[in-house]
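As stored in entry_25.cif (mmCIF, C-alpha atoms):
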data_target
#
loop_
_atom_site.group_PDB
_atom_site.id
_atom_site.type_symbol
_atom_site.label_atom_id
_atom_site.label_comp_id
_atom_site.auth_asym_id
_atom_site.auth_seq_id
_atom_site.Cartn_x
_atom_site.Cartn_y
_atom_site.Cartn_z
ATOM 1 C CA MET T 1 0.000 0.000 0.000
ATOM 2 C CA LYS T 2 1.077 3.542 -0.728
ATOM 3 C CA LYS T 3 1.683 6.000 2.085
ATOM 4 C CA ILE T 4 0.015 9.418 1.758
ATOM 5 C CA SER T 5 1.375 12.375 3.695
ATOM 6 C CA VAL T 6 -1.278 15.049 4.195
ATOM 7 C CA ILE T 7 0.273 18.478 4.850
ATOM 8 C CA VAL T 8 -2.001 20.901 6.706
ATOM 9 C CA PRO T 9 -0.762 24.477 7.344
ATOM 10 C CA CYS T 10 -2.402 26.042 10.416
ATOM 11 C CA TYR T 11 -2.425 29.577 11.774
ATOM 12 C CA ASN T 12 -4.842 30.325 14.620
ATOM 13 C CA GLU T 13 -7.084 27.425 13.591
ATOM 14 C CA GLN T 14 -8.076 25.931 16.954
ATOM 15 C CA GLU T 15 -11.737 25.972 15.920
ATOM 16 C CA ALA T 16 -11.278 24.405 12.484
ATOM 17 C CA ILE T 17 -8.823 21.599 13.330
ATOM 18 C CA PRO T 18 -11.359 19.253 15.038
ATOM 19 C CA PHE T 19 -13.726 19.507 12.049
ATOM 20 C CA PHE T 20 -10.904 18.881 9.612
ATOM 21 C CA TYR T 21 -9.570 15.916 11.594
ATOM 22 C CA GLU T 22 -13.021 14.328 11.639
ATOM 23 C CA GLU T 23 -13.329 14.658 7.853
ATOM 24 C CA ILE T 24 -9.825 13.455 6.996
ATOM 25 C CA VAL T 25 -10.242 10.398 9.240
ATOM 26 C CA LYS T 26 -13.427 9.497 7.343
ATOM 27 C CA VAL T 27 -11.515 9.725 4.080
ATOM 28 C CA SER T 28 -8.601 7.632 5.357
ATOM 29 C CA GLN T 29 -11.022 4.965 6.625
ATOM 30 C CA SER T 30 -12.643 4.771 3.193
ATOM 31 C CA MET T 31 -9.171 4.216 1.665
ATOM 32 C CA GLU T 32 -7.738 1.862 4.304
ATOM 33 C CA GLN T 33 -7.484 -1.002 1.798
ATOM 34 C CA GLU T 34 -5.427 1.131 -0.593
ATOM 35 C CA ALA T 35 -3.241 3.516 1.403
ATOM 36 C CA VAL T 36 -1.954 4.442 4.846
ATOM 37 C CA PHE T 37 -1.941 8.054 6.013
ATOM 38 C CA GLU T 38 0.130 10.450 8.043
ATOM 39 C CA TYR T 39 -1.332 13.850 8.962
ATOM 40 C CA LEU T 40 1.388 16.477 9.121
ATOM 41 C CA PHE T 41 0.073 19.675 10.716
ATOM 42 C CA ILE T 42 2.307 22.758 10.487
ATOM 43 C CA ASN T 43 1.610 25.291 13.238
ATOM 44 C CA ASP T 44 2.714 28.587 11.729
ATOM 45 C CA GLY T 45 3.326 30.501 14.960
ATOM 46 C CA SER T 46 -0.317 30.500 16.076
ATOM 47 C CA LYS T 47 -1.263 32.708 19.035
ATOM 48 C CA ASP T 48 -4.326 30.692 20.081
ATOM 49 C CA GLN T 49 -4.600 27.082 21.311
ATOM 50 C CA THR T 50 -3.676 25.473 17.993
ATOM 51 C CA VAL T 51 -0.587 23.744 19.443
ATOM 52 C CA LYS T 52 -2.558 22.301 22.352
ATOM 53 C CA VAL T 53 -5.243 20.959 20.021
ATOM 54 C CA LEU T 54 -2.586 19.314 17.845
ATOM 55 C CA LYS T 55 -0.828 17.770 20.841
ATOM 56 C CA ASP T 56 -4.117 16.330 22.084
ATOM 57 C CA LEU T 57 -4.774 14.781 18.675
ATOM 58 C CA ALA T 58 -1.239 13.384 18.505
ATOM 59 C CA GLN T 59 -1.718 11.631 21.840
ATOM 60 C CA LYS T 60 -4.755 9.730 20.666
ATOM 61 C CA ASP T 61 -3.739 9.156 17.030
ATOM 62 C CA GLU T 62 -0.168 8.195 16.138
ATOM 63 C CA ARG T 63 -0.772 9.256 12.545
ATOM 64 C CA VAL T 64 -0.946 12.900 13.676
ATOM 65 C CA LYS T 65 2.401 14.664 13.412
ATOM 66 C CA TYR T 66 2.969 18.337 14.084
ATOM 67 C CA ILE T 67 5.674 20.914 13.548
ATOM 68 C CA SER T 68 5.444 24.190 15.460
ATOM 69 C CA PHE T 69 7.343 27.227 14.181
ATOM 70 C CA SER T 70 9.106 29.699 16.470
ATOM 71 C CA LYS T 71 6.997 32.493 14.940
ATOM 72 C CA ASN T 72 4.693 33.193 12.038
ATOM 73 C CA PHE T 73 6.689 32.563 8.843
ATOM 74 C CA GLY T 74 3.699 32.428 6.500
ATOM 75 C CA LYS T 75 1.798 29.745 4.650
ATOM 76 C CA GLU T 76 4.497 29.363 2.000
ATOM 77 C CA ALA T 77 7.065 28.435 4.651
ATOM 78 C CA ALA T 78 4.566 26.063 6.277
ATOM 79 C CA MET T 79 3.953 24.231 3.007
ATOM 80 C CA TYR T 80 7.680 24.001 2.346
ATOM 81 C CA ALA T 81 8.322 22.569 5.820
ATOM 82 C CA GLY T 82 5.595 19.990 5.293
ATOM 83 C CA LEU T 83 6.953 18.945 1.913
ATOM 84 C CA GLU T 84 10.457 18.704 3.342
ATOM 85 C CA LYS T 85 9.400 16.601 6.360
ATOM 86 C CA SER T 86 6.869 14.367 4.591
ATOM 87 C CA THR T 87 7.697 10.682 4.191
ATOM 88 C CA GLY T 88 4.904 9.349 1.974
ATOM 89 C CA GLU T 89 5.205 8.149 -1.623
ATOM 90 C CA TYR T 90 2.341 10.542 -2.313
ATOM 91 C CA VAL T 91 2.036 13.963 -0.688
ATOM 92 C CA ALA T 92 -1.082 16.125 -0.418
ATOM 93 C CA VAL T 93 -1.308 19.805 0.522
ATOM 94 C CA ILE T 94 -4.676 20.861 1.911
ATOM 95 C CA ASP T 95 -6.141 23.774 3.884
ATOM 96 C CA VAL T 96 -7.525 23.083 7.356
ATOM 97 C CA ASP T 97 -10.628 25.268 6.900
ATOM 98 C CA LEU T 98 -12.313 22.598 4.698
ATOM 99 C CA GLN T 99 -12.525 24.932 1.704
ATOM 100 C CA ASP T 100 -10.435 22.180 0.115
ATOM 101 C CA PRO T 101 -12.836 19.184 0.260
ATOM 102 C CA PRO T 102 -11.001 16.139 1.719
ATOM 103 C CA ASN T 103 -13.509 13.839 0.018
ATOM 104 C CA LEU T 104 -11.768 14.546 -3.295
ATOM 105 C CA LEU T 105 -8.672 12.676 -2.109
ATOM 106 C CA PRO T 106 -9.845 9.169 -3.163
ATOM 107 C CA LYS T 107 -10.410 10.323 -6.741
ATOM 108 C CA MET T 108 -7.102 12.210 -6.712
ATOM 109 C CA PHE T 109 -5.357 9.077 -5.440
ATOM 110 C CA HIS T 110 -6.837 6.830 -8.135
ATOM 111 C CA ASP T 111 -5.960 9.323 -10.887
ATOM 112 C CA LEU T 112 -2.382 9.610 -9.618
ATOM 113 C CA ASP T 113 -1.923 5.901 -8.952
ATOM 114 C CA CYS T 114 -2.598 4.998 -12.582
ATOM 115 C CA GLY T 115 0.950 6.153 -13.357
ATOM 116 C CA ILE T 116 0.087 8.675 -16.071
ATOM 117 C CA TYR T 117 0.260 11.797 -13.922
ATOM 118 C CA ASP T 118 2.746 13.191 -11.429
ATOM 119 C CA CYS T 119 0.262 15.537 -9.803
ATOM 120 C CA VAL T 120 -3.500 15.829 -9.442
ATOM 121 C CA ALA T 121 -4.425 19.423 -8.616
ATOM 122 C CA THR T 122 -7.670 21.267 -7.978
ATOM 123 C CA ARG T 123 -9.127 24.523 -9.220
ATOM 124 C CA ARG T 124 -12.241 26.420 -8.251
ATOM 125 C CA VAL T 125 -14.672 27.145 -11.059
ATOM 126 C CA SER T 126 -16.674 29.621 -8.986
ATOM 127 C CA ARG T 127 -16.014 32.152 -6.238
ATOM 128 C CA LYS T 128 -19.437 32.106 -4.666
ATOM 129 C CA GLY T 129 -19.367 33.646 -1.210
ATOM 130 C CA GLU T 130 -16.314 35.824 -1.853
ATOM 131 C CA PRO T 131 -16.515 39.649 -1.902
ATOM 132 C CA PRO T 132 -16.989 40.791 -5.528
ATOM 133 C CA ILE T 133 -13.921 43.055 -5.435
ATOM 134 C CA ARG T 134 -11.722 40.134 -4.358
ATOM 135 C CA SER T 135 -13.066 37.939 -7.168
ATOM 136 C CA PHE T 136 -12.517 40.731 -9.708
ATOM 137 C CA PHE T 137 -8.894 41.322 -8.722
ATOM 138 C CA ALA T 138 -8.211 37.568 -8.576
ATOM 139 C CA LYS T 139 -9.342 37.182 -12.189
ATOM 140 C CA MET T 140 -7.291 40.221 -13.192
ATOM 141 C CA PHE T 141 -4.221 38.742 -11.484
ATOM 142 C CA TYR T 142 -4.425 35.421 -13.321
ATOM 143 C CA ALA T 143 -5.034 37.170 -16.641
ATOM 144 C CA MET T 144 -2.067 39.501 -16.084
ATOM 145 C CA ILE T 145 0.501 37.000 -14.834
ATOM 146 C CA ASN T 146 -0.236 34.557 -17.643
ATOM 147 C CA LYS T 147 0.442 37.328 -20.171
ATOM 148 C CA ILE T 148 3.710 38.515 -18.655
ATOM 149 C CA SER T 149 5.154 35.241 -17.353
ATOM 150 C CA LYS T 150 6.452 32.173 -19.160
ATOM 151 C CA THR T 151 5.130 30.021 -16.303
ATOM 152 C CA GLU T 152 1.428 29.266 -16.764
ATOM 153 C CA ILE T 153 -0.697 29.560 -13.631
ATOM 154 C CA VAL T 154 -4.183 28.122 -14.012
ATOM 155 C CA ASP T 155 -7.030 30.461 -13.134
ATOM 156 C CA GLY T 156 -8.625 29.388 -9.858
ATOM 157 C CA ALA T 157 -5.761 27.020 -9.019
ATOM 158 C CA ARG T 158 -5.586 25.980 -5.378
ATOM 159 C CA ASP T 159 -2.629 24.763 -3.357
ATOM 160 C CA TYR T 160 -4.735 21.626 -2.776
ATOM 161 C CA ARG T 161 -3.056 18.835 -4.744
ATOM 162 C CA LEU T 162 -1.663 15.310 -4.502
ATOM 163 C CA MET T 163 1.877 14.799 -5.806
ATOM 164 C CA THR T 164 4.351 12.006 -6.333
ATOM 165 C CA ARG T 165 7.559 11.878 -4.321
ATOM 166 C CA GLN T 166 9.569 12.776 -7.425
ATOM 167 C CA MET T 167 7.676 16.035 -7.885
ATOM 168 C CA VAL T 168 7.866 16.849 -4.169
ATOM 169 C CA ASP T 169 11.637 16.355 -4.193
ATOM 170 C CA ALA T 170 11.892 18.709 -7.170
ATOM 171 C CA ILE T 171 9.917 21.399 -5.316
ATOM 172 C CA VAL T 172 11.943 20.987 -2.123
ATOM 173 C CA SER T 173 15.160 21.398 -4.131
ATOM 174 C CA LEU T 174 14.137 25.009 -4.834
ATOM 175 C CA LYS T 175 15.483 26.771 -1.747
ATOM 176 C CA GLU T 176 14.374 30.319 -2.611
ATOM 177 C CA TYR T 177 13.302 32.433 0.365
ATOM 178 C CA ASN T 178 10.569 34.398 -1.430
ATOM 179 C CA ARG T 179 8.232 31.587 -2.383
ATOM 180 C CA PHE T 180 5.128 31.631 -4.578
ATOM 181 C CA SER T 181 4.032 28.012 -4.612
ATOM 182 C CA LYS T 182 1.380 28.302 -7.316
ATOM 183 C CA GLY T 183 4.146 29.375 -9.674
ATOM 184 C CA ILE T 184 6.664 26.849 -8.332
ATOM 185 C CA PHE T 185 4.203 23.970 -8.822
ATOM 186 C CA SER T 186 3.904 24.956 -12.482
ATOM 187 C CA TRP T 187 7.568 25.821 -13.002
ATOM 188 C CA VAL T 188 8.899 22.376 -12.000
ATOM 189 C CA GLY T 189 6.766 20.839 -14.725
ATOM 190 C CA PHE T 190 5.570 17.210 -14.498
ATOM 191 C CA ASN T 191 2.223 15.947 -15.804
ATOM 192 C CA THR T 192 -0.697 17.478 -13.946
ATOM 193 C CA LYS T 193 -4.376 16.589 -14.054
ATOM 194 C CA TRP T 194 -6.866 19.243 -12.953
ATOM 195 C CA ILE T 195 -10.034 18.549 -10.987
ATOM 196 C CA GLU T 196 -12.677 21.271 -10.876
ATOM 197 C CA TYR T 197 -15.021 21.970 -7.990
ATOM 198 C CA GLN T 198 -17.372 24.668 -6.733
ATOM 199 C CA ASN T 199 -16.245 27.080 -4.029
ATOM 200 C CA VAL T 200 -16.833 25.803 -0.491
ATOM 201 C CA GLU T 201 -17.437 28.040 2.527
ATOM 202 C CA ARG T 202 -15.024 27.894 5.472
ATOM 203 C CA ARG T 203 -16.347 25.522 8.158
ATOM 204 C CA ALA T 204 -15.078 27.406 11.229
ATOM 205 C CA GLY T 205 -12.858 30.302 12.235
ATOM 206 C CA GLU T 206 -12.000 33.342 10.131
ATOM 207 C CA THR T 207 -9.866 33.755 7.036
ATOM 208 C CA LYS T 208 -6.358 35.098 7.634
ATOM 209 C CA TRP T 209 -6.113 36.507 4.112
ATOM 210 C CA SER T 210 -7.231 40.127 3.969
ATOM 211 C CA PHE T 211 -7.518 41.966 0.650
ATOM 212 C CA TRP T 212 -4.191 43.740 1.217
ATOM 213 C CA LYS T 213 -2.392 40.507 2.119
ATOM 214 C CA LEU T 214 -3.677 38.920 -1.079
ATOM 215 C CA LEU T 215 -2.617 41.987 -3.071
ATOM 216 C CA LYS T 216 0.892 41.817 -1.612
ATOM 217 C CA TYR T 217 1.017 38.074 -2.270
ATOM 218 C CA SER T 218 0.012 38.615 -5.902
ATOM 219 C CA LEU T 219 2.726 41.266 -6.349
ATOM 220 C CA ASP T 220 5.278 38.838 -4.895
ATOM 221 C CA GLY T 221 4.101 36.257 -7.429
ATOM 222 C CA ILE T 222 4.514 38.667 -10.345
ATOM 223 C CA VAL T 223 8.012 39.656 -9.205
ATOM 224 C CA ALA T 224 8.980 36.011 -8.646
ATOM 225 C CA PHE T 225 7.951 34.798 -12.109
ATOM 226 C CA SER T 226 8.264 37.758 -14.450
ATOM 227 C CA THR T 227 10.719 40.538 -15.284
ATOM 228 C CA VAL T 228 8.218 42.324 -17.530
ATOM 229 C CA PRO T 229 7.609 45.121 -14.937
ATOM 230 C CA LEU T 230 11.287 46.048 -15.307
ATOM 231 C CA SER T 231 10.832 46.225 -19.065
ATOM 232 C CA ILE T 232 7.743 48.386 -18.581
ATOM 233 C CA ALA T 233 9.742 50.810 -16.417
ATOM 234 C CA SER T 234 12.458 51.038 -19.093
ATOM 235 C CA PHE T 235 9.861 51.486 -21.848
ATOM 236 C CA LEU T 236 8.095 54.284 -19.934
ATOM 237 C CA GLY T 237 11.424 56.034 -19.410
ATOM 238 C CA LEU T 238 12.214 55.854 -23.123
ATOM 239 C CA ILE T 239 8.758 57.120 -24.148
ATOM 240 C CA LEU T 240 8.950 60.070 -21.730
ATOM 241 C CA CYS T 241 12.393 60.997 -23.036
ATOM 242 C CA LEU T 242 11.052 61.042 -26.600
ATOM 243 C CA VAL T 243 7.995 63.073 -25.578
ATOM 244 C CA ALA T 244 10.178 65.543 -23.663
ATOM 245 C CA PHE T 245 12.522 65.945 -26.663
ATOM 246 C CA ILE T 246 9.603 66.583 -29.022
ATOM 247 C CA LEU T 247 8.057 69.137 -26.658
ATOM 248 C CA ILE T 248 11.396 70.937 -26.299
ATOM 249 C CA CYS T 249 11.676 71.182 -30.083
ATOM 250 C CA ILE T 250 8.121 72.532 -30.370
ATOM 251 C CA ILE T 251 8.691 75.146 -27.677
ATOM 252 C CA VAL T 252 11.980 76.312 -29.207
ATOM 253 C CA ILE T 253 10.473 76.541 -32.703
ATOM 254 C CA LYS T 254 7.391 78.428 -31.452
ATOM 255 C CA THR T 255 9.536 80.865 -29.485
ATOM 256 C CA TRP T 256 12.046 81.581 -32.265
ATOM 257 C CA ALA T 257 9.695 81.543 -35.257
ATOM 258 C CA PHE T 258 6.520 83.049 -33.841
ATOM 259 C CA GLY T 259 7.618 84.724 -30.645
ATOM 260 C CA ASP T 260 5.086 82.692 -28.600
ATOM 261 C CA PRO T 261 5.778 82.677 -24.882
ATOM 262 C CA VAL T 262 6.567 79.451 -23.083
ATOM 263 C CA ALA T 263 3.518 77.701 -21.544
ATOM 264 C CA GLY T 264 2.562 79.013 -18.134
ATOM 265 C CA TYR T 265 2.824 77.859 -14.561
ATOM 266 C CA PRO T 266 -0.182 75.428 -14.412
ATOM 267 C CA SER T 267 0.969 73.373 -17.395
ATOM 268 C CA LEU T 268 4.516 73.313 -16.067
ATOM 269 C CA ILE T 269 3.362 71.962 -12.677
ATOM 270 C CA CYS T 270 1.214 69.284 -14.370
ATOM 271 C CA VAL T 271 4.190 68.089 -16.428
ATOM 272 C CA ILE T 272 6.480 68.033 -13.383
ATOM 273 C CA LEU T 273 3.967 66.069 -11.295
ATOM 274 C CA PHE T 274 3.324 63.603 -14.113
ATOM 275 C CA ILE T 275 6.994 62.916 -14.805
ATOM 276 C CA GLY T 276 7.760 62.776 -11.071
ATOM 277 C CA GLY T 277 4.971 60.244 -10.555
ATOM 278 C CA VAL T 278 6.217 58.023 -13.372
ATOM 279 C CA GLN T 279 9.757 58.192 -12.012
ATOM 280 C CA LEU T 280 8.625 57.180 -8.532
ATOM 281 C CA PHE T 281 6.550 54.355 -10.044
ATOM 282 C CA CYS T 282 9.577 53.022 -11.931
ATOM 283 C CA ILE T 283 11.807 53.395 -8.874
ATOM 284 C CA GLY T 284 9.196 51.452 -6.895
ATOM 285 C CA ILE T 285 9.370 48.591 -9.405
ATOM 286 C CA LEU T 286 13.153 48.541 -9.191
ATOM 287 C CA GLY T 287 12.948 48.675 -5.389
ATOM 288 C CA LYS T 288 10.628 45.668 -5.281
ATOM 289 C CA TYR T 289 13.019 43.527 -7.303
ATOM 290 C CA LEU T 290 15.981 44.826 -5.308
ATOM 291 C CA SER T 291 14.301 44.010 -1.988
ATOM 292 C CA GLN T 292 13.594 40.451 -3.116
ATOM 293 C CA THR T 293 17.210 40.065 -4.208
ATOM 294 C CA TYR T 294 18.385 41.494 -0.874
ATOM 295 C CA LEU T 295 16.333 38.970 1.088
ATOM 296 C CA GLU T 296 17.613 36.078 -1.032
ATOM 297 C CA THR T 297 21.263 37.043 -0.524
ATOM 298 C CA LYS T 298 20.850 36.935 3.272
ATOM 299 C CA LYS T 299 20.399 33.157 3.061
ATOM 300 C CA ARG T 300 18.112 33.125 6.072
ATOM 301 C CA PRO T 301 16.276 29.835 6.750
ATOM 302 C CA ILE T 302 12.777 29.601 5.351
ATOM 303 C CA TYR T 303 11.464 28.567 8.781
ATOM 304 C CA LEU T 304 12.620 27.764 12.329
ATOM 305 C CA ILE T 305 11.119 24.947 14.406
ATOM 306 C CA LYS T 306 10.260 25.420 18.071
ATOM 307 C CA GLU T 307 8.913 21.927 18.728
ATOM 308 C CA GLN T 308 7.746 18.871 16.805
ATOM 309 C CA ASN T 309 6.926 15.203 17.103
ATOM 310 C CA VAL T 310 8.288 14.288 13.675
ATOM 311 C CA ASP T 311 11.080 11.729 13.778
ATOM 312 C CA GLU T 312 14.329 13.098 12.345
ATOM 313 C CA GLU T 313 16.192 10.824 9.969
#

Transcribe the structure of this file into structure tokens.
Amino acid sequence: MKKISVIVPCYNEQEAIPFFYEEIVKVSQSMEQEAVFEYLFINDGSKDQTVKVLKDLAQKDERVKYISFSKNFGKEAAMYAGLEKSTGEYVAVIDVDLQDPPNLLPKMFHDLDCGIYDCVATRRVSRKGEPPIRSFFAKMFYAMINKISKTEIVDGARDYRLMTRQMVDAIVSLKEYNRFSKGIFSWVGFNTKWIEYQNVERRAGETKWSFWKLLKYSLDGIVAFSTVPLSIASFLGLILCLVAFILICIIVIKTWAFGDPVAGYPSLICVILFIGGVQLFCIGILGKYLSQTYLETKKRPIYLIKEQNVDEE
């Protein structure tokens, strides 16, 4: 029988964990003739009773493993830690809030076990229940990044997927500090089958992803998988130089040939503000790439463990 490692990132999820555990146990029982499970919960520096809940589960179920970070490193670090510590031939990544339906795992397992695919991933075909502005910007993000990046990211793609050990090892080999897993999953390649499902409401607790956190995450993804913004900054600079040169020629010709005075104060201020704004915008793009490079060169660990019950090899 194959062993399936189920990686579950958690941040302040004391309310959702019991519901998730109940559902994943039902799934594992339905597959007990085909696979054995380990549940690897990653406590991402939670400030509630998440660690206590995980320890209680670990005492009554030896399949429950947990890793507790020294602080909040983010979901990307939690997923990386889970992939790195997993021991199964197949590895699943799933959210604890049950927006990723555990009952899809048997189908994902059968599709992966046929040997044709290296990964079975999921994507939402609807965003029912989400704020309209969040859905709008999510669609805009996928449309934009697929135009400016060579790495295709499927619209509505979730982190919820089941992968072979070979693919997991490939992902773990990428040690970059600034991680955008949706892009990394696509960048490493391998044959992927997509399963579609309708959006599911969170079972308990509150989402930790505000609009601004999602916006920042999307910008990190664009910077991580495209250099087009740098080209845009260079292109804008070139265009403004050409426009400025043309306007200078027009002003000189009008002044010498017709004696027209130079445009007045209001137009001058508008031009200065416009050019200044574009310059700051381009500097901001450069600064974003520079900051990412700066963080990578520090070689800081992606995460630090405070406590765990995972056996070290």

For the file shown, what are the residues hit by the PyMOL selection byres ((chain T and resi 124) around 7), laid out as a short mmCIF file (atom, residue, chain, number, x, y, z; two decimals) with C-alpha atoms, keeping the file's coordinate frame?
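After the write, part15.cif holds the following:
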data_model
loop_
_atom_site.label_atom_id
_atom_site.label_comp_id
_atom_site.auth_asym_id
_atom_site.auth_seq_id
_atom_site.Cartn_x
_atom_site.Cartn_y
_atom_site.Cartn_z
CA THR T 122 -7.67 21.27 -7.98
CA ARG T 123 -9.13 24.52 -9.22
CA VAL T 125 -14.67 27.14 -11.06
CA SER T 126 -16.67 29.62 -8.99
CA GLY T 156 -8.62 29.39 -9.86
CA ALA T 157 -5.76 27.02 -9.02
CA GLU T 196 -12.68 21.27 -10.88
CA TYR T 197 -15.02 21.97 -7.99
CA GLN T 198 -17.37 24.67 -6.73
CA ASN T 199 -16.24 27.08 -4.03
#

Using only C-alpha atoms, can you tell me which of T:Lys288, T:His110, T:Arg161, T:Lys193 comes closest to Lys2 (chain T)? T:His110

Selection: 12 Å around Gln308 (chain T), only C-alpha atoms, excl. self and same-chain fewer than 2 positions, as number ranges by chain: T: 40-43, 51, 54-55, 58, 64-70, 81-82, 85, 304-306, 310-312

Where's the centre, and what are the edge lengths in Å to one decimal, of a box along x, y and z enclosing all listed atoms of region 246-250 of chain T padded 5 Å per side, as AutoDock Vina command-line options?
--center_x 9.9 --center_y 69.6 --center_z -28.3 --size_x 13.6 --size_y 15.9 --size_z 14.1

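CA of Val8 (chain T) is found 23.4 Å from CA of Asn191 (chain T).
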
Would you give me, as JSON lines, each residue of region 103-130 of chain T having an atom within 12 Å of an atom of region 20-25 of chain T, along with its shortest atom pair and that distance in Å to one decimal, using all atoms listed in the file and sorting by chain and residue number?
{"residue": "T:Asn103", "atom": "CA", "partner": "T:Glu23", "partner_atom": "CA", "distance": 7.9}
{"residue": "T:Leu104", "atom": "CA", "partner": "T:Ile24", "partner_atom": "CA", "distance": 10.5}
{"residue": "T:Leu105", "atom": "CA", "partner": "T:Ile24", "partner_atom": "CA", "distance": 9.2}
{"residue": "T:Pro106", "atom": "CA", "partner": "T:Ile24", "partner_atom": "CA", "distance": 11.0}

Under the rule that all atoms listed in the file are counted, which of T:Ile145, T:Val91, T:Val271, T:Ala78 is the nearest residue to Asp44 (chain T)? T:Ala78

Would you list the contacts of Asp48 (chain T) as a PDB file with C-alpha atoms, in the coordinates of the input, taking every protein, DNA or RNA residue within 12 Å and counting all atoms listed in the file, but skipping same-chain residues closer than 3 positions in sequence?
ATOM      1  CA  CYS T  10      -2.402  26.042  10.416  1.00  0.00           C
ATOM      2  CA  TYR T  11      -2.425  29.577  11.774  1.00  0.00           C
ATOM      3  CA  ASN T  12      -4.842  30.325  14.620  1.00  0.00           C
ATOM      4  CA  GLU T  13      -7.084  27.425  13.591  1.00  0.00           C
ATOM      5  CA  GLN T  14      -8.076  25.931  16.954  1.00  0.00           C
ATOM      6  CA  GLU T  15     -11.737  25.972  15.920  1.00  0.00           C
ATOM      7  CA  ASN T  43       1.610  25.291  13.238  1.00  0.00           C
ATOM      8  CA  ASP T  44       2.714  28.587  11.729  1.00  0.00           C
ATOM      9  CA  GLY T  45       3.326  30.501  14.960  1.00  0.00           C
ATOM     10  CA  VAL T  51      -0.587  23.744  19.443  1.00  0.00           C
ATOM     11  CA  LYS T  52      -2.558  22.301  22.352  1.00  0.00           C
ATOM     12  CA  VAL T  53      -5.243  20.959  20.021  1.00  0.00           C
ATOM     13  CA  LEU T  54      -2.586  19.314  17.845  1.00  0.00           C
ATOM     14  CA  GLY T 205     -12.858  30.302  12.235  1.00  0.00           C
TER      15      GLY T 205
END

Distance criterion (only C-alpha atoms): nearest to Val243 (chain T) out of T:Leu286, T:Ile275, T:Ala77, T:Val93: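 Among T:Leu286, T:Ile275, T:Ala77, T:Val93, it is T:Ile275 that comes nearest to Val243 (chain T).
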
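Reported to one decimal place, the separation of CA of Lys26 (chain T) from CA of Ile4 (chain T) is 14.6 Å.
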